[in-house]
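> File name structure_23.txt; file contents compact mmCIF, C-alpha atoms and all ligand atoms; full text below.
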# COMPACT_ATOMS: atom_id res chain seq x y z
CA MET A 688 -50.87 -24.51 5.02
CA ASP A 689 -47.37 -25.01 6.51
CA THR A 690 -46.56 -21.36 5.74
CA THR A 691 -43.47 -21.02 7.91
CA SER A 692 -41.89 -24.35 6.93
CA ASN A 693 -42.56 -23.66 3.23
CA ALA A 694 -41.00 -20.20 3.48
CA LEU A 695 -37.94 -21.55 5.32
CA SER A 696 -37.53 -24.35 2.76
CA ARG A 697 -37.68 -21.84 -0.09
CA ILE A 698 -35.12 -19.59 1.63
CA LEU A 699 -32.69 -22.49 2.14
CA HIS A 700 -33.20 -23.69 -1.43
CA LEU A 701 -32.60 -20.22 -2.90
CA LEU A 702 -29.52 -19.70 -0.72
CA SER A 703 -28.11 -23.01 -1.97
CA GLN A 704 -28.59 -21.76 -5.55
CA HIS A 705 -27.05 -18.35 -4.81
CA PRO A 706 -23.87 -18.95 -2.79
CA ALA A 707 -22.75 -15.30 -2.98
CA VAL A 708 -26.00 -14.28 -1.29
CA GLN A 709 -25.57 -17.05 1.26
CA ASP A 710 -22.03 -15.81 2.02
CA LYS A 711 -23.21 -12.21 2.42
CA LEU A 712 -26.06 -13.26 4.70
CA ARG A 713 -23.77 -15.49 6.77
CA ALA A 714 -21.32 -12.60 7.16
CA GLU A 715 -24.08 -10.25 8.35
CA ILE A 716 -25.36 -12.76 10.91
CA THR A 717 -21.88 -13.78 12.09
CA GLU A 718 -20.89 -10.16 12.62
CA ALA A 719 -24.12 -9.39 14.49
CA CYS A 720 -23.98 -12.34 16.89
CA GLY A 721 -20.21 -12.46 17.52
CA GLY A 722 -20.37 -16.12 18.57
CA GLU A 723 -23.29 -15.60 20.98
CA ASP A 724 -26.99 -16.32 20.60
CA LEU A 725 -28.76 -13.52 18.73
CA ALA A 726 -31.60 -11.81 20.61
CA TYR A 727 -34.87 -11.31 18.69
CA ASP A 728 -34.53 -7.50 18.86
CA GLU A 729 -31.11 -7.74 17.21
CA LEU A 730 -32.20 -10.35 14.67
CA VAL A 731 -34.98 -8.15 13.27
CA LYS A 732 -32.51 -5.28 12.70
CA LEU A 733 -30.46 -7.18 10.10
CA PRO A 734 -31.22 -5.55 6.71
CA TYR A 735 -29.84 -8.26 4.43
CA LEU A 736 -31.69 -11.01 6.32
CA GLU A 737 -34.84 -8.91 6.00
CA ALA A 738 -34.26 -8.53 2.26
CA VAL A 739 -33.68 -12.27 1.78
CA CYS A 740 -36.90 -13.10 3.65
CA ARG A 741 -38.94 -10.50 1.77
CA GLU A 742 -37.58 -11.43 -1.66
CA THR A 743 -38.23 -15.13 -1.04
CA LEU A 744 -41.79 -14.38 0.08
CA ARG A 745 -42.23 -12.20 -3.03
CA LEU A 746 -41.06 -14.94 -5.37
CA TYR A 747 -42.70 -17.86 -3.56
CA ALA A 748 -45.61 -16.62 -1.47
CA PRO A 749 -46.71 -19.49 0.81
CA VAL A 750 -50.32 -18.24 0.50
CA GLN A 751 -51.25 -16.76 -2.87
CA PHE A 752 -54.95 -16.20 -2.37
CA ILE A 753 -57.64 -16.78 0.24
CA ASN A 754 -61.24 -17.65 -0.58
CA ARG A 755 -63.79 -16.03 1.67
CA SER A 756 -67.50 -16.80 1.94
C1 LIG A 801 -44.13 -16.94 6.25
C2 LIG A 801 -44.86 -17.22 7.30
C3 LIG A 801 -46.35 -17.01 7.38
C4 LIG A 801 -47.25 -16.69 6.41
C5 LIG A 801 -47.01 -16.45 4.91
C6 LIG A 801 -48.54 -16.60 7.04
C7 LIG A 801 -49.72 -16.31 6.39
C8 LIG A 801 -50.96 -16.25 6.97
C9 LIG A 801 -52.19 -15.95 6.30
C10 LIG A 801 -52.32 -15.61 4.82
C11 LIG A 801 -53.19 -15.99 7.20
C12 LIG A 801 -54.68 -15.73 6.95
C13 LIG A 801 -54.96 -14.28 7.19
C14 LIG A 801 -56.41 -13.97 6.88
O1 LIG A 801 -57.30 -14.80 7.13
O2 LIG A 801 -56.66 -12.88 6.38
C15 LIG A 801 -52.59 -16.33 8.49
C16 LIG A 801 -53.29 -16.47 9.65
C17 LIG A 801 -52.74 -16.79 10.86
N1 LIG A 801 -51.40 -16.99 11.11
FE1 LIG A 801 -49.91 -16.92 9.77
N2 LIG A 801 -48.40 -16.87 8.37
C18 LIG A 801 -47.09 -17.13 8.63
C19 LIG A 801 -46.53 -17.43 9.83
C20 LIG A 801 -47.21 -17.54 11.02
C21 LIG A 801 -46.61 -17.84 12.29
C22 LIG A 801 -45.11 -18.06 12.51
C23 LIG A 801 -47.61 -17.87 13.20
C24 LIG A 801 -47.57 -18.13 14.67
C25 LIG A 801 -46.48 -18.21 15.39
C26 LIG A 801 -48.83 -17.58 12.51
C27 LIG A 801 -50.07 -17.53 13.08
C28 LIG A 801 -51.25 -17.27 12.44
C29 LIG A 801 -52.56 -17.26 13.08
C30 LIG A 801 -52.85 -17.52 14.55
C31 LIG A 801 -53.48 -16.95 12.08
C32 LIG A 801 -54.99 -16.85 12.24
C33 LIG A 801 -55.37 -15.44 12.48
C34 LIG A 801 -56.88 -15.32 12.54
O3 LIG A 801 -57.53 -16.26 12.97
O4 LIG A 801 -57.40 -14.30 12.11
N3 LIG A 801 -48.54 -17.39 11.19
N4 LIG A 801 -51.25 -16.48 8.31
Represent the structure contained in this file as structure tokens.


Amino acid sequence: MDTTSNALSRILHLLSQHPAVQDKLRAEITEACGGEDLAYDELVKLPYLEAVCRETLRLYAPVQFINRS
């Protein structure tokens, strides 16, 4: 299903269409990492990044339904 690559592609596409959001997200990440690699525990604390991921998944869910038998 390529769920992760689809979600990442949608995020990048939406950010390219919404440069103000991209700028705000870049600022949040830049401030958090301060030029160093960002540890996972720090990455998951970023609220705007979280919001961008969640909103993209809301608008373009990589999996919309699952058939079970
Ligand atoms: C946006 C990203 C992702 C989405 C939307 C997504 C979505 C899903 C969905 C809908 C299922 C089926 C769940 C079910 O059968 O009820 C699933 C299963 C699974 N996903 Fe993901 N996934 C994502 C990312 C990942 C990543 C990054 C990994 C691993 C690093 C992963 C590993 C798995 C595995 C192992 C299963 C099978 C679980 C099982 O057999 O019950 N997924 N995923």

> Counting only C-alpha atoms, which of A:Leu695, A:Leu725, A:Leu730, A:Leu712 gets nearest to A:Thr743?

A:Leu695

> So that each row is one residue of chain A with an atom at most 8 Å from ligand LIG 801 (chain A), can you give its shortest atom pair and the distance in Å to one decimal, using all atoms listed in the file, rows by chain and rising number, as a tab-separated table?


residue	atom	partner	partner_atom	distance
A:Thr690	CA	A:LIG801	C3	4.7
A:Thr691	CA	A:LIG801	C2	4.1
A:Ser692	CA	A:LIG801	C2	7.7
A:Asn693	CA	A:LIG801	C1	7.5
A:Ala694	CA	A:LIG801	C1	5.3
A:Leu695	CA	A:LIG801	C1	7.8
A:Leu744	CA	A:LIG801	C1	7.1
A:Ala748	CA	A:LIG801	C5	6.5
A:Pro749	CA	A:LIG801	C5	5.1
A:Val750	CA	A:LIG801	C10	5.4
A:Gln751	CA	A:LIG801	C10	7.8
A:Phe752	CA	A:LIG801	C10	7.7
A:Ile753	CA	A:LIG801	C10	7.1

> Could you pull the residues within 12 Å of stretch 696-701 of chain A, counting all atoms listed in the file, minus those fewer than 6 positions along the same chain, as a PyMOL selection string?

chain A and resi 689-690+707-709+712+736-749

> Which value, in Å to one decimal, gives the distance between atom CA of A:Ile716 and atom CA of A:Leu733?

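That distance, rounded to one decimal, is 7.6 Å.
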
> Record the distance separating atom CA of A:Tyr735 and atom CA of A:Lys711, expressed in Å with one decimal.

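Atom-to-atom, atom CA of A:Tyr735 and atom CA of A:Lys711 are spaced 8.0 Å apart.
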
> Could you complete stretch 716-740 of chain A so that it carries N, CA and C atoms, and give it back as a short mmCIF file (atom, residue, chain, number, x, y, z; two decimals), keeping the file's coordinate frame?


data_model
loop_
_atom_site.label_atom_id
_atom_site.label_comp_id
_atom_site.auth_asym_id
_atom_site.auth_seq_id
_atom_site.Cartn_x
_atom_site.Cartn_y
_atom_site.Cartn_z
N ILE A 716 -24.92 -12.11 9.67
CA ILE A 716 -25.36 -12.76 10.91
C ILE A 716 -24.17 -13.02 11.84
N THR A 717 -23.07 -13.49 11.28
CA THR A 717 -21.88 -13.78 12.09
C THR A 717 -21.38 -12.53 12.78
N GLU A 718 -21.35 -11.42 12.04
CA GLU A 718 -20.89 -10.16 12.62
C GLU A 718 -21.83 -9.69 13.73
N ALA A 719 -23.14 -9.87 13.51
CA ALA A 719 -24.12 -9.39 14.49
C ALA A 719 -24.08 -10.20 15.78
N CYS A 720 -23.87 -11.51 15.68
CA CYS A 720 -23.98 -12.34 16.89
C CYS A 720 -22.64 -12.49 17.61
N GLY A 721 -21.53 -12.38 16.87
CA GLY A 721 -20.21 -12.46 17.52
C GLY A 721 -20.04 -13.73 18.36
N GLY A 722 -20.56 -14.85 17.87
CA GLY A 722 -20.37 -16.12 18.57
C GLY A 722 -21.38 -16.39 19.67
N GLU A 723 -22.26 -15.42 19.95
CA GLU A 723 -23.29 -15.60 20.98
C GLU A 723 -24.65 -15.84 20.31
N ASP A 724 -25.64 -16.24 21.13
CA ASP A 724 -26.99 -16.32 20.60
C ASP A 724 -27.46 -14.91 20.23
N LEU A 725 -28.28 -14.82 19.18
CA LEU A 725 -28.76 -13.52 18.73
C LEU A 725 -30.14 -13.27 19.31
N ALA A 726 -30.29 -12.15 20.04
CA ALA A 726 -31.60 -11.81 20.61
C ALA A 726 -32.56 -11.41 19.48
N TYR A 727 -33.86 -11.63 19.71
CA TYR A 727 -34.87 -11.31 18.69
C TYR A 727 -34.76 -9.85 18.24
N ASP A 728 -34.59 -8.93 19.21
CA ASP A 728 -34.53 -7.50 18.86
C ASP A 728 -33.35 -7.18 17.95
N GLU A 729 -32.26 -7.93 18.09
CA GLU A 729 -31.11 -7.74 17.21
C GLU A 729 -31.34 -8.41 15.86
N LEU A 730 -31.95 -9.58 15.90
CA LEU A 730 -32.20 -10.35 14.67
C LEU A 730 -33.04 -9.54 13.68
N VAL A 731 -34.08 -8.86 14.18
CA VAL A 731 -34.98 -8.15 13.27
C VAL A 731 -34.37 -6.85 12.74
N LYS A 732 -33.16 -6.50 13.21
CA LYS A 732 -32.51 -5.28 12.70
C LYS A 732 -31.59 -5.56 11.52
N LEU A 733 -31.43 -6.84 11.14
CA LEU A 733 -30.46 -7.18 10.10
C LEU A 733 -31.07 -6.94 8.71
N PRO A 734 -30.57 -5.93 7.97
CA PRO A 734 -31.22 -5.55 6.71
C PRO A 734 -31.12 -6.61 5.60
N TYR A 735 -29.98 -7.28 5.53
CA TYR A 735 -29.84 -8.26 4.43
C TYR A 735 -30.72 -9.49 4.70
N LEU A 736 -30.79 -9.91 5.94
CA LEU A 736 -31.69 -11.01 6.32
C LEU A 736 -33.13 -10.64 5.99
N GLU A 737 -33.49 -9.41 6.31
CA GLU A 737 -34.84 -8.91 6.00
C GLU A 737 -35.10 -8.98 4.50
N ALA A 738 -34.10 -8.54 3.72
CA ALA A 738 -34.26 -8.53 2.26
C ALA A 738 -34.40 -9.95 1.71
N VAL A 739 -33.60 -10.88 2.24
CA VAL A 739 -33.68 -12.27 1.78
C VAL A 739 -35.07 -12.85 2.09
N CYS A 740 -35.57 -12.59 3.28
CA CYS A 740 -36.90 -13.10 3.65
C CYS A 740 -37.97 -12.49 2.75
#
